[in-house]
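File shown here: query23.pdb, holding PDB, C-alpha atoms.
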ATOM      1  CA  MET A   1     -29.317 -32.797  21.762
ATOM      2  CA  ALA A   2     -27.920 -30.054  19.478
ATOM      3  CA  ASN A   3     -30.654 -28.145  17.676
ATOM      4  CA  TYR A   4     -28.629 -27.492  14.507
ATOM      5  CA  THR A   5     -27.468 -29.562  11.549
ATOM      6  CA  ALA A   6     -24.245 -30.175   9.651
ATOM      7  CA  ALA A   7     -25.615 -27.810   7.012
ATOM      8  CA  ASP A   8     -25.920 -25.097   9.673
ATOM      9  CA  ILE A   9     -22.278 -25.622  10.640
ATOM     10  CA  LYS A  10     -21.171 -25.357   7.016
ATOM     11  CA  ALA A  11     -23.274 -22.239   6.439
ATOM     12  CA  LEU A  12     -21.809 -20.508   9.486
ATOM     13  CA  ARG A  13     -18.265 -21.468   8.528
ATOM     14  CA  ASP A  14     -18.826 -20.093   5.026
ATOM     15  CA  ARG A  15     -20.152 -16.812   6.430
ATOM     16  CA  THR A  16     -17.472 -16.255   9.064
ATOM     17  CA  GLY A  17     -14.404 -18.253   8.030
ATOM     18  CA  ALA A  18     -14.131 -19.554  11.613
ATOM     19  CA  GLY A  19     -12.941 -23.087  12.447
ATOM     20  CA  MET A  20     -15.347 -25.997  12.871
ATOM     21  CA  MET A  21     -14.927 -26.357  16.648
ATOM     22  CA  ALA A  22     -15.377 -22.618  17.184
ATOM     23  CA  VAL A  23     -18.538 -22.684  15.064
ATOM     24  CA  LYS A  24     -19.965 -25.690  16.914
ATOM     25  CA  LYS A  25     -19.296 -24.091  20.303
ATOM     26  CA  ALA A  26     -20.936 -20.858  19.172
ATOM     27  CA  LEU A  27     -24.009 -22.731  17.878
ATOM     28  CA  ASP A  28     -24.230 -24.688  21.119
ATOM     29  CA  GLU A  29     -24.092 -21.453  23.128
ATOM     30  CA  ALA A  30     -26.612 -19.786  20.808
ATOM     31  CA  GLN A  31     -28.881 -22.852  20.829
ATOM     32  CA  GLY A  32     -28.741 -23.044  17.046
ATOM     33  CA  ASP A  33     -29.481 -19.365  16.384
ATOM     34  CA  GLN A  34     -27.221 -18.386  13.457
ATOM     35  CA  ALA A  35     -27.353 -14.617  14.062
ATOM     36  CA  LYS A  36     -26.553 -15.021  17.747
ATOM     37  CA  ALA A  37     -23.766 -17.494  16.935
ATOM     38  CA  ILE A  38     -22.172 -14.947  14.591
ATOM     39  CA  GLU A  39     -22.256 -12.348  17.367
ATOM     40  CA  ILE A  40     -20.677 -14.810  19.795
ATOM     41  CA  LEU A  41     -17.886 -15.561  17.300
ATOM     42  CA  ARG A  42     -17.235 -11.852  16.800
ATOM     43  CA  VAL A  43     -17.111 -11.096  20.513
ATOM     44  CA  LYS A  44     -14.748 -13.989  21.194
ATOM     45  CA  GLY A  45     -12.650 -13.045  18.211
ATOM     46  CA  LEU A  46     -12.387  -9.398  19.247
ATOM     47  CA  LYS A  47     -11.330 -10.426  22.743
ATOM     48  CA  SER A  48      -8.567 -12.500  21.204
ATOM     49  CA  ALA A  49      -7.661  -9.646  18.887
ATOM     50  CA  SER A  50      -7.202  -7.277  21.819
ATOM     51  CA  LYS A  51      -4.551  -9.652  23.170
ATOM     52  CA  ARG A  52      -2.715  -9.366  19.843
ATOM     53  CA  GLU A  53      -2.429  -5.565  19.835
ATOM     54  CA  ASP A  54       1.334  -5.613  20.289
ATOM     55  CA  ARG A  55       1.972  -8.139  17.539
ATOM     56  CA  SER A  56       3.668  -6.932  14.363
ATOM     57  CA  THR A  57       1.869  -6.899  11.029
ATOM     58  CA  SER A  58       4.619  -7.151   8.444
ATOM     59  CA  ASP A  59       2.791  -9.237   5.839
ATOM     60  CA  GLY A  60      -0.214  -8.379   3.729
ATOM     61  CA  LEU A  61      -0.995  -7.042   0.289
ATOM     62  CA  VAL A  62      -1.433  -3.962  -1.867
ATOM     63  CA  ALA A  63      -4.583  -3.433  -3.938
ATOM     64  CA  THR A  64      -5.581  -0.728  -6.432
ATOM     65  CA  HIS A  65      -8.668   0.632  -8.143
ATOM     66  CA  VAL A  66      -8.692   3.022 -11.124
ATOM     67  CA  GLU A  67     -11.789   4.666 -12.564
ATOM     68  CA  ASN A  68     -12.496   7.945 -14.367
ATOM     69  CA  GLY A  69      -9.055   9.420 -13.800
ATOM     70  CA  VAL A  70      -8.932   8.575 -10.099
ATOM     71  CA  GLY A  71      -6.627   5.943  -8.644
ATOM     72  CA  THR A  72      -6.984   4.548  -5.129
ATOM     73  CA  MET A  73      -4.550   2.191  -3.414
ATOM     74  CA  ILE A  74      -4.505   0.480  -0.021
ATOM     75  CA  GLU A  75      -1.969  -1.500   1.963
ATOM     76  CA  LEU A  76      -3.647  -4.013   4.254
ATOM     77  CA  ASN A  77      -1.372  -5.825   6.709
ATOM     78  CA  SER A  78      -1.600  -9.169   8.485
ATOM     79  CA  GLU A  79       0.669 -10.982  10.937
ATOM     80  CA  THR A  80       1.559 -13.902   8.656
ATOM     81  CA  ASP A  81       1.857 -14.656   4.950
ATOM     82  CA  PHE A  82      -0.435 -17.649   5.562
ATOM     83  CA  VAL A  83      -3.344 -15.269   6.184
ATOM     84  CA  ALA A  84      -2.142 -12.737   3.594
ATOM     85  CA  LYS A  85      -2.517 -15.277   0.774
ATOM     86  CA  SER A  86      -5.872 -16.620   1.945
ATOM     87  CA  ASP A  87      -9.048 -15.995  -0.030
ATOM     88  CA  LYS A  88     -10.741 -14.467   3.017
ATOM     89  CA  PHE A  89      -8.002 -11.857   3.400
ATOM     90  CA  GLY A  90      -8.166 -11.067  -0.305
ATOM     91  CA  GLN A  91     -11.928 -10.601  -0.056
ATOM     92  CA  LEU A  92     -11.475  -8.324   2.954
ATOM     93  CA  ALA A  93      -8.938  -6.227   1.015
ATOM     94  CA  ASP A  94     -11.422  -5.906  -1.855
ATOM     95  CA  GLU A  95     -14.100  -4.712   0.569
ATOM     96  CA  VAL A  96     -11.769  -2.194   2.233
ATOM     97  CA  LEU A  97     -10.625  -0.905  -1.153
ATOM     98  CA  LYS A  98     -14.248  -0.467  -2.224
ATOM     99  CA  LEU A  99     -14.926   1.527   0.953
ATOM    100  CA  ALA A 100     -11.870   3.696   0.263
ATOM    101  CA  VAL A 101     -13.134   4.449  -3.243
ATOM    102  CA  GLU A 102     -16.640   5.283  -1.989
ATOM    103  CA  ALA A 103     -15.296   7.525   0.779
ATOM    104  CA  LYS A 104     -12.814   9.229  -1.595
ATOM    105  CA  ALA A 105     -10.258   8.614   1.141
ATOM    106  CA  ASP A 106      -6.680   9.774   0.682
ATOM    107  CA  SER A 107      -5.301   8.487   3.991
ATOM    108  CA  ALA A 108      -5.728   5.518   6.305
ATOM    109  CA  GLU A 109      -6.904   7.823   9.089
ATOM    110  CA  ALA A 110      -9.674   9.278   6.933
ATOM    111  CA  LEU A 111     -10.929   5.864   5.871
ATOM    112  CA  LEU A 112     -10.761   4.281   9.328
ATOM    113  CA  ASP A 113     -12.785   7.166  10.759
ATOM    114  CA  SER A 114     -15.467   6.927   8.059
ATOM    115  CA  GLU A 115     -18.604   4.834   8.449
ATOM    116  CA  ALA A 116     -20.039   1.905   6.527
ATOM    117  CA  ASP A 117     -23.288   0.117   7.377
ATOM    118  CA  GLY A 118     -23.626   2.014  10.634
ATOM    119  CA  LYS A 119     -20.166   1.333  12.029
ATOM    120  CA  LYS A 120     -16.704   2.802  11.660
ATOM    121  CA  VAL A 121     -14.446   1.159   9.121
ATOM    122  CA  SER A 122     -11.890   0.646  11.894
ATOM    123  CA  GLU A 123     -14.436  -1.513  13.759
ATOM    124  CA  PHE A 124     -15.272  -3.451  10.605
ATOM    125  CA  ILE A 125     -11.597  -4.276   9.995
ATOM    126  CA  ALA A 126     -11.098  -5.278  13.637
ATOM    127  CA  GLU A 127     -14.074  -7.627  13.465
ATOM    128  CA  GLN A 128     -12.881  -9.221  10.253
ATOM    129  CA  GLY A 129      -9.390  -9.619  11.702
ATOM    130  CA  ALA A 130     -10.947 -11.389  14.664
ATOM    131  CA  VAL A 131     -12.624 -13.842  12.303
ATOM    132  CA  LEU A 132      -9.302 -14.432  10.524
ATOM    133  CA  GLY A 133      -7.610 -14.990  13.866
ATOM    134  CA  GLU A 134      -4.932 -12.333  13.350
ATOM    135  CA  LYS A 135      -4.349  -8.666  13.911
ATOM    136  CA  VAL A 136      -5.228  -6.872  10.662
ATOM    137  CA  VAL A 137      -4.137  -3.283  10.057
ATOM    138  CA  LEU A 138      -4.975  -0.803   7.328
ATOM    139  CA  ARG A 139      -1.554   0.808   7.046
ATOM    140  CA  ARG A 140      -1.919   3.202   4.140
ATOM    141  CA  VAL A 141      -4.382   4.630   1.652
ATOM    142  CA  GLY A 142      -3.207   6.571  -1.406
ATOM    143  CA  ARG A 143      -5.133   8.515  -4.027
ATOM    144  CA  VAL A 144      -4.058  10.245  -7.254
ATOM    145  CA  GLU A 145      -6.052  12.097  -9.897
ATOM    146  CA  GLY A 146      -5.362  13.003 -13.498
ATOM    147  CA  SER A 147      -6.671  12.761 -17.033
ATOM    148  CA  LYS A 148      -5.487   9.154 -16.830
ATOM    149  CA  VAL A 149      -4.074   6.891 -14.130
ATOM    150  CA  ASP A 150      -1.967   3.795 -14.694
ATOM    151  CA  SER A 151      -1.896   1.067 -12.050
ATOM    152  CA  TYR A 152       0.819  -1.548 -11.621
ATOM    153  CA  LEU A 153       0.957  -4.379  -9.086
ATOM    154  CA  HIS A 154       4.047  -6.534  -8.565
ATOM    155  CA  ARG A 155       4.428  -9.876  -6.805
ATOM    156  CA  THR A 156       7.806 -10.220  -5.115
ATOM    157  CA  ASN A 157       6.897 -13.849  -4.437
ATOM    158  CA  PRO A 158       4.684 -15.832  -6.840
ATOM    159  CA  ASP A 159       3.018 -17.595  -3.898
ATOM    160  CA  LEU A 160       1.907 -14.315  -2.300
ATOM    161  CA  PRO A 161      -0.483 -11.527  -3.314
ATOM    162  CA  PRO A 162       0.979  -8.279  -4.728
ATOM    163  CA  GLN A 163       3.510  -6.725  -2.374
ATOM    164  CA  VAL A 164       4.274  -3.602  -4.427
ATOM    165  CA  GLY A 165       1.719  -1.229  -5.912
ATOM    166  CA  VAL A 166       2.017   1.918  -8.034
ATOM    167  CA  LEU A 167      -0.412   4.567  -9.221
ATOM    168  CA  PHE A 168       0.863   7.007 -11.856
ATOM    169  CA  ALA A 169      -1.294   9.980 -12.914
ATOM    170  CA  TYR A 170      -0.660  11.645 -16.263
ATOM    171  CA  GLU A 171      -1.947  13.474 -19.318
ATOM    172  CA  GLY A 172      -1.303  12.222 -22.847
ATOM    173  CA  ASP A 173      -2.083   9.413 -25.266
ATOM    174  CA  ASP A 174       0.985   7.181 -24.966
ATOM    175  CA  ASP A 175      -0.387   4.726 -22.422
ATOM    176  CA  GLU A 176       2.456   2.295 -23.035
ATOM    177  CA  ALA A 177       5.070   4.873 -22.054
ATOM    178  CA  ALA A 178       3.032   5.776 -18.971
ATOM    179  CA  HIS A 179       2.830   2.122 -17.962
ATOM    180  CA  ASP A 180       6.580   1.737 -18.446
ATOM    181  CA  VAL A 181       7.074   4.622 -16.013
ATOM    182  CA  ALA A 182       4.727   2.961 -13.501
ATOM    183  CA  VAL A 183       6.849  -0.201 -13.729
ATOM    184  CA  HIS A 184       9.984   1.944 -13.345
ATOM    185  CA  ILE A 185       8.535   3.463 -10.160
ATOM    186  CA  ALA A 186       7.921  -0.012  -8.739
ATOM    187  CA  ALA A 187      11.521  -1.051  -9.424
ATOM    188  CA  MET A 188      13.468   2.147  -8.704
ATOM    189  CA  THR A 189      11.611   3.363  -5.574
ATOM    190  CA  PRO A 190      11.663   7.146  -6.054
ATOM    191  CA  THR A 191      10.910   9.081  -2.878
ATOM    192  CA  TYR A 192       9.852  12.350  -4.497
ATOM    193  CA  PHE A 193       8.083  13.340  -7.718
ATOM    194  CA  SER A 194      10.515  16.110  -8.700
ATOM    195  CA  ARG A 195      13.407  17.997  -7.103
ATOM    196  CA  GLU A 196      10.985  20.842  -6.333
ATOM    197  CA  ASP A 197       9.126  18.464  -4.011
ATOM    198  CA  VAL A 198      12.157  17.710  -1.842
ATOM    199  CA  PRO A 199      11.825  19.627   1.458
ATOM    200  CA  ALA A 200      14.336  22.436   1.863
ATOM    201  CA  ASP A 201      15.723  20.980   5.086
ATOM    202  CA  VAL A 202      16.442  17.659   3.330
ATOM    203  CA  VAL A 203      18.319  19.426   0.530
ATOM    204  CA  GLU A 204      20.276  21.483   3.043
ATOM    205  CA  LYS A 205      21.219  18.358   4.982
ATOM    206  CA  GLU A 206      22.462  16.648   1.805
ATOM    207  CA  ARG A 207      24.434  19.767   0.878
ATOM    208  CA  SER A 208      25.969  19.871   4.366
ATOM    209  CA  ILE A 209      26.960  16.193   4.184
ATOM    210  CA  ALA A 210      28.466  16.697   0.719
ATOM    211  CA  LEU A 211      30.451  19.712   1.948
ATOM    212  CA  GLU A 212      31.794  17.905   4.999
ATOM    213  CA  THR A 213      32.655  14.810   2.956
ATOM    214  CA  SER A 214      34.517  16.885   0.356
ATOM    215  CA  LYS A 215      36.555  18.628   3.039
ATOM    216  CA  ASN A 216      37.405  15.317   4.729
ATOM    217  CA  GLU A 217      38.544  13.934   1.385
ATOM    218  CA  GLY A 218      40.984  16.831   1.044
ATOM    219  CA  LYS A 219      39.447  18.227  -2.121
ATOM    220  CA  PRO A 220      40.905  21.560  -3.369
ATOM    221  CA  GLU A 221      39.066  24.492  -1.745
ATOM    222  CA  GLN A 222      38.209  26.109  -5.076
ATOM    223  CA  ALA A 223      36.708  22.861  -6.404
ATOM    224  CA  ILE A 224      34.488  22.124  -3.402
ATOM    225  CA  PRO A 225      31.400  24.201  -4.424
ATOM    226  CA  LYS A 226      31.185  22.389  -7.781
ATOM    227  CA  ILE A 227      31.736  19.001  -6.120
ATOM    228  CA  VAL A 228      29.005  19.721  -3.567
ATOM    229  CA  GLU A 229      26.486  20.675  -6.265
ATOM    230  CA  GLY A 230      27.396  17.538  -8.188
ATOM    231  CA  ARG A 231      26.691  15.381  -5.172
ATOM    232  CA  VAL A 232      23.409  17.145  -4.444
ATOM    233  CA  ASN A 233      22.395  16.562  -8.076
ATOM    234  CA  ALA A 234      23.313  12.894  -7.637
ATOM    235  CA  PHE A 235      20.930  12.798  -4.663
ATOM    236  CA  PHE A 236      18.156  14.181  -6.880
ATOM    237  CA  LYS A 237      18.893  11.555  -9.536
ATOM    238  CA  ASP A 238      18.644   8.802  -6.949
ATOM    239  CA  ASN A 239      15.479  10.005  -5.245
ATOM    240  CA  CYS A 240      13.366  12.138  -7.610
ATOM    241  CA  LEU A 241      11.285  10.313 -10.215
ATOM    242  CA  LEU A 242      11.695  12.814 -13.029
ATOM    243  CA  ASP A 243      15.484  13.018 -12.513
ATOM    244  CA  GLN A 244      16.056   9.264 -12.264
ATOM    245  CA  PRO A 245      17.736   7.414 -15.143
ATOM    246  CA  PHE A 246      14.927   5.505 -16.870
ATOM    247  CA  ALA A 247      15.177   1.794 -16.035
ATOM    248  CA  LYS A 248      14.784   0.640 -19.667
ATOM    249  CA  GLU A 249      17.062   3.361 -21.101
ATOM    250  CA  PRO A 250      19.465   4.483 -18.357
ATOM    251  CA  LYS A 251      21.103   7.105 -20.586
ATOM    252  CA  LYS A 252      17.835   9.061 -20.546
ATOM    253  CA  SER A 253      15.984  10.502 -17.568
ATOM    254  CA  VAL A 254      12.354   9.660 -16.856
ATOM    255  CA  GLN A 255      11.503  13.272 -17.721
ATOM    256  CA  THR A 256      13.152  12.886 -21.132
ATOM    257  CA  ILE A 257      11.269   9.656 -21.836
ATOM    258  CA  LEU A 258       7.972  11.318 -20.947
ATOM    259  CA  ASP A 259       8.762  14.403 -23.017
ATOM    260  CA  GLU A 260       9.502  12.212 -26.038
ATOM    261  CA  ALA A 261       6.199  10.383 -25.541
ATOM    262  CA  LYS A 262       4.353  13.692 -25.058
ATOM    263  CA  VAL A 263       3.144  12.533 -21.666
ATOM    264  CA  LYS A 264       2.763  15.042 -18.851
ATOM    265  CA  PRO A 265       3.363  13.455 -15.420
ATOM    266  CA  LEU A 266       1.063  14.623 -12.637
ATOM    267  CA  GLY A 267       2.006  12.518  -9.619
ATOM    268  CA  PHE A 268       2.436   9.036  -8.244
ATOM    269  CA  GLN A 269       1.985   6.806  -5.215
ATOM    270  CA  ARG A 270       4.113   3.749  -4.448
ATOM    271  CA  PHE A 271       3.466   1.253  -1.656
ATOM    272  CA  ARG A 272       5.512  -1.758  -0.659
ATOM    273  CA  VAL A 273       4.150  -4.022   2.078
ATOM    274  CA  GLY A 274       5.962  -3.449   5.343
ATOM    275  CA  SER A 275       8.228  -0.618   4.175
TER     276      SER A 275
END

Rewritten as structure tokens:
Amino acid sequence: MANYTAADIKALRDRTGAGMMAVKKALDEAQGDQAKAIEILRVKGLKSASKREDRSTSDGLVATHVENGVGTMIELNSETDFVAKSDKFGQLADEVLKLAVEAKADSAEALLDSEADGKKVSEFIAEQGAVLGEKVVLRRVGRVEGSKVDSYLHRTNPDLPPQVGVLFAYEGDDDEAAHDVAVHIAAMTPTYFSREDVPADVVEKERSIALETSKNEGKPEQAIPKIVEGRVNAFFKDNCLLDQPFAKEPKKSVQTILDEAKVKPLGFQRFRVGS
């Protein structure tokens, strides 16, 4: 006769998120010992997780935390949107984000290699993924600092958790203008902060493509240098935040909008799940 009750089953399910049959089997094997049953569930779950190593993790969520001029953001991935929108996955993301804040992590590698409660964060995430029944991956961690940091989260699907996250660090008192820029970043996907941040080899490649394109189009030789510079500038406007036309007022650049609001931009991070 089983030496555990229905209340024990419920308690173990609440603690682990595992299915009823899995919980009952673990309690049977552990002879009713809750702690041992949890260990059995973790071991079995991790074995299953190892079989899922090659599976893709294209779903998930983005979460942010802002405090005292420091913004931290994580992207936590799952295999399916079913798990991504579950309460358990949301709770796991909150725990991982908290660990990122405490560790002052600025990369996934740094956080995964840090320790919490005597174990590496990478092991903690693997164990929790095993309980959820899917491969769970911490894909990215971002961190920005400034006098102030604005955070913006966007749901691309109302049935799913936030898929796009932005942190925008700045100095100044016009918080509304700063938030508008954070929303702009979410929508317009800048790759670089300013044109000075674009690697020299990237600029040279764009200049080379513009030159070759102009020649192939049969442009007049004397006009080519000006055409090339125009196309390189167009690249900056497409890819550099401060050069981009502001989403709400396209006739003005983001830099102009910030100058008018007396806001000094310091940096940003933008994550989109799976990209």

**Selection result for the PyMOL selection byres ((chain A and resi 98) around 12) on this file, as a list in words** = Ala63, Thr64, His65, Val66, Glu67, Gly71, Thr72, Met73, Ile74, Gln91, Leu92, Ala93, Asp94, Glu95, Val96, Leu97, Leu99, Ala100, Val101, Glu102, Ala103, Lys104, Ala105, Leu111, Ala116, Val121 and Val141 of chain A

Residue selection dump (C-alpha atoms) as a CSV table (one decimal), in the coordinates of the input:
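Final output, out.csv:
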chain,number,residue,atom,x,y,z
A,63,ALA,CA,-4.6,-3.4,-3.9
A,64,THR,CA,-5.6,-0.7,-6.4
A,65,HIS,CA,-8.7,0.6,-8.1
A,66,VAL,CA,-8.7,3.0,-11.1
A,67,GLU,CA,-11.8,4.7,-12.6
A,71,GLY,CA,-6.6,5.9,-8.6
A,72,THR,CA,-7.0,4.5,-5.1
A,73,MET,CA,-4.6,2.2,-3.4
A,74,ILE,CA,-4.5,0.5,0.0
A,91,GLN,CA,-11.9,-10.6,-0.1
A,92,LEU,CA,-11.5,-8.3,3.0
A,93,ALA,CA,-8.9,-6.2,1.0
A,94,ASP,CA,-11.4,-5.9,-1.9
A,95,GLU,CA,-14.1,-4.7,0.6
A,96,VAL,CA,-11.8,-2.2,2.2
A,97,LEU,CA,-10.6,-0.9,-1.2
A,99,LEU,CA,-14.9,1.5,1.0
A,100,ALA,CA,-11.9,3.7,0.3
A,101,VAL,CA,-13.1,4.4,-3.2
A,102,GLU,CA,-16.6,5.3,-2.0
A,103,ALA,CA,-15.3,7.5,0.8
A,104,LYS,CA,-12.8,9.2,-1.6
A,105,ALA,CA,-10.3,8.6,1.1
A,111,LEU,CA,-10.9,5.9,5.9
A,116,ALA,CA,-20.0,1.9,6.5
A,121,VAL,CA,-14.4,1.2,9.1
A,141,VAL,CA,-4.4,4.6,1.7

**Prompt:** Residues at most 12 Å from Val202 in chain A, counting all atoms listed in the file, excluding those fewer than 6 positions away in the same chain, as number ranges by chain?
**Reply:** A: 191-192, 195-196, 208-209, 232, 235-236, 239

**Prompt:** Neighbours of Ser253 in chain A within 12 Å (only C-alpha atoms; same-chain residues fewer than 2 positions away dropped), as a VMD selection string?
**Reply:** chain A and resid 181 184 194 236 to 238 240 to 251 255 to 260

**Prompt:** Which residues come within 8 Å of Ser58 in chain A, counting all atoms listed in the file, excluding same-chain residues fewer than 6 positions away, as an NGL selection string?
**Reply:** :A and (77-80 or 273-274)

Name every residue that the PyMOL selection byres ((chain A and resi 210) around 8) selects in this structure, writing the answer as an mmCIF file with C-alpha atoms, in the coordinates of the input with chains first and numbers rising.
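Result went into expr14.cif, see below:
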data_model
loop_
_atom_site.group_PDB
_atom_site.id
_atom_site.type_symbol
_atom_site.label_atom_id
_atom_site.label_comp_id
_atom_site.auth_asym_id
_atom_site.auth_seq_id
_atom_site.Cartn_x
_atom_site.Cartn_y
_atom_site.Cartn_z
ATOM 1 C CA GLU A 206 22.462 16.648 1.805
ATOM 2 C CA ARG A 207 24.434 19.767 0.878
ATOM 3 C CA SER A 208 25.969 19.871 4.366
ATOM 4 C CA ILE A 209 26.960 16.193 4.184
ATOM 5 C CA LEU A 211 30.451 19.712 1.948
ATOM 6 C CA GLU A 212 31.794 17.905 4.999
ATOM 7 C CA THR A 213 32.655 14.810 2.956
ATOM 8 C CA SER A 214 34.517 16.885 0.356
ATOM 9 C CA ILE A 227 31.736 19.001 -6.120
ATOM 10 C CA VAL A 228 29.005 19.721 -3.567
ATOM 11 C CA ARG A 231 26.691 15.381 -5.172
ATOM 12 C CA VAL A 232 23.409 17.145 -4.444
#

**Message:** as a list in words, please: the residues near Leu61 in chain A (cut-off 9 Å, all atoms listed in the file, same-chain neighbours under 4 positions excluded).
**Reply:** Ile74, Glu75, Leu76, Asn77, Ser78, Ala84, Lys85, Gly90, Ala93, Leu160, Pro161, Pro162, Gln163, Val164, Gly165, Arg272 and Val273 of chain A

**Asked** Distance CA of Leu167 in chain A-CA of Phe89 in chain A, one decimal place?
**Response** 22.1 Å

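Pairwise distance (CA of Asn3 in chain A, CA of Asp28 in chain A) equals 8.1 Å.
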
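Note that CA of Thr5 in chain A and CA of Phe124 in chain A are 28.8 Å apart.
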
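On the file presented, the PyMOL selection byres ((chain A and resi 268) around 8) picks out Val144, Val166, Leu167, Phe168, Ala169, Phe193, Leu266, Gly267, Gln269 and Arg270 of chain A.
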
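Closest approach to His154 in chain A among A:Leu112, A:Glu134, A:Ala187, A:Ser122 is made by A:Ala187 (distances from all atoms listed in the file).
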
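Residues within 8 Å of Ala126 in chain A, counting all atoms listed in the file and excluding same-chain residues fewer than 2 positions away, are A:Leu46, A:Ala49, A:Ser122, A:Glu123, A:Phe124, A:Gln128, A:Gly129, A:Ala130, A:Lys135, A:Val136.
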
Have range 115-129 of chain A completed to N, CA, C and O atoms, please, and pass it along as a CSV table (one decimal), keeping the file's coordinate frame.
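Result saved to rebuild_13.csv:
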chain,number,residue,atom,x,y,z
A,115,GLU,N,-17.6,5.8,8.0
A,115,GLU,CA,-18.6,4.8,8.4
A,115,GLU,C,-19.1,4.1,7.3
A,115,GLU,O,-19.2,4.6,6.1
A,116,ALA,N,-19.4,2.8,7.5
A,116,ALA,CA,-20.0,1.9,6.5
A,116,ALA,C,-21.0,1.0,7.2
A,116,ALA,O,-20.7,0.3,8.2
A,117,ASP,N,-22.2,1.0,6.8
A,117,ASP,CA,-23.3,0.1,7.4
A,117,ASP,C,-23.4,0.4,8.9
A,117,ASP,O,-23.6,-0.5,9.7
A,118,GLY,N,-23.3,1.7,9.3
A,118,GLY,CA,-23.6,2.0,10.6
A,118,GLY,C,-22.5,1.8,11.6
A,118,GLY,O,-22.7,2.0,12.8
A,119,LYS,N,-21.3,1.5,11.1
A,119,LYS,CA,-20.2,1.3,12.0
A,119,LYS,C,-18.9,1.9,11.4
A,119,LYS,O,-18.8,2.0,10.2
A,120,LYS,N,-17.9,2.3,12.2
A,120,LYS,CA,-16.7,2.8,11.7
A,120,LYS,C,-15.9,1.7,10.9
A,120,LYS,O,-16.0,0.5,11.3
A,121,VAL,N,-15.2,2.1,9.9
A,121,VAL,CA,-14.4,1.2,9.1
A,121,VAL,C,-13.4,0.5,10.0
A,121,VAL,O,-13.1,-0.7,9.8
A,122,SER,N,-12.9,1.2,11.0
A,122,SER,CA,-11.9,0.6,11.9
A,122,SER,C,-12.5,-0.5,12.7
A,122,SER,O,-11.8,-1.5,12.9
A,123,GLU,N,-13.8,-0.4,13.0
A,123,GLU,CA,-14.4,-1.5,13.8
A,123,GLU,C,-14.7,-2.7,12.8
A,123,GLU,O,-14.5,-3.9,13.2
A,124,PHE,N,-15.0,-2.4,11.6
A,124,PHE,CA,-15.3,-3.5,10.6
A,124,PHE,C,-14.0,-4.3,10.4
A,124,PHE,O,-14.0,-5.5,10.4
A,125,ILE,N,-12.9,-3.6,10.2
A,125,ILE,CA,-11.6,-4.3,10.0
A,125,ILE,C,-11.2,-5.1,11.2
A,125,ILE,O,-10.7,-6.2,11.1
A,126,ALA,N,-11.4,-4.6,12.4
A,126,ALA,CA,-11.1,-5.3,13.6
A,126,ALA,C,-11.9,-6.6,13.8
A,126,ALA,O,-11.4,-7.6,14.1
A,127,GLU,N,-13.2,-6.4,13.4
A,127,GLU,CA,-14.1,-7.6,13.5
A,127,GLU,C,-13.6,-8.7,12.5
A,127,GLU,O,-13.6,-9.9,12.8
A,128,GLN,N,-13.3,-8.3,11.3
A,128,GLN,CA,-12.9,-9.2,10.3
A,128,GLN,C,-11.5,-9.8,10.6
A,128,GLN,O,-11.3,-11.0,10.3
A,129,GLY,N,-10.7,-9.1,11.2
A,129,GLY,CA,-9.4,-9.6,11.7
A,129,GLY,C,-9.6,-10.7,12.8
A,129,GLY,O,-8.9,-11.7,12.8
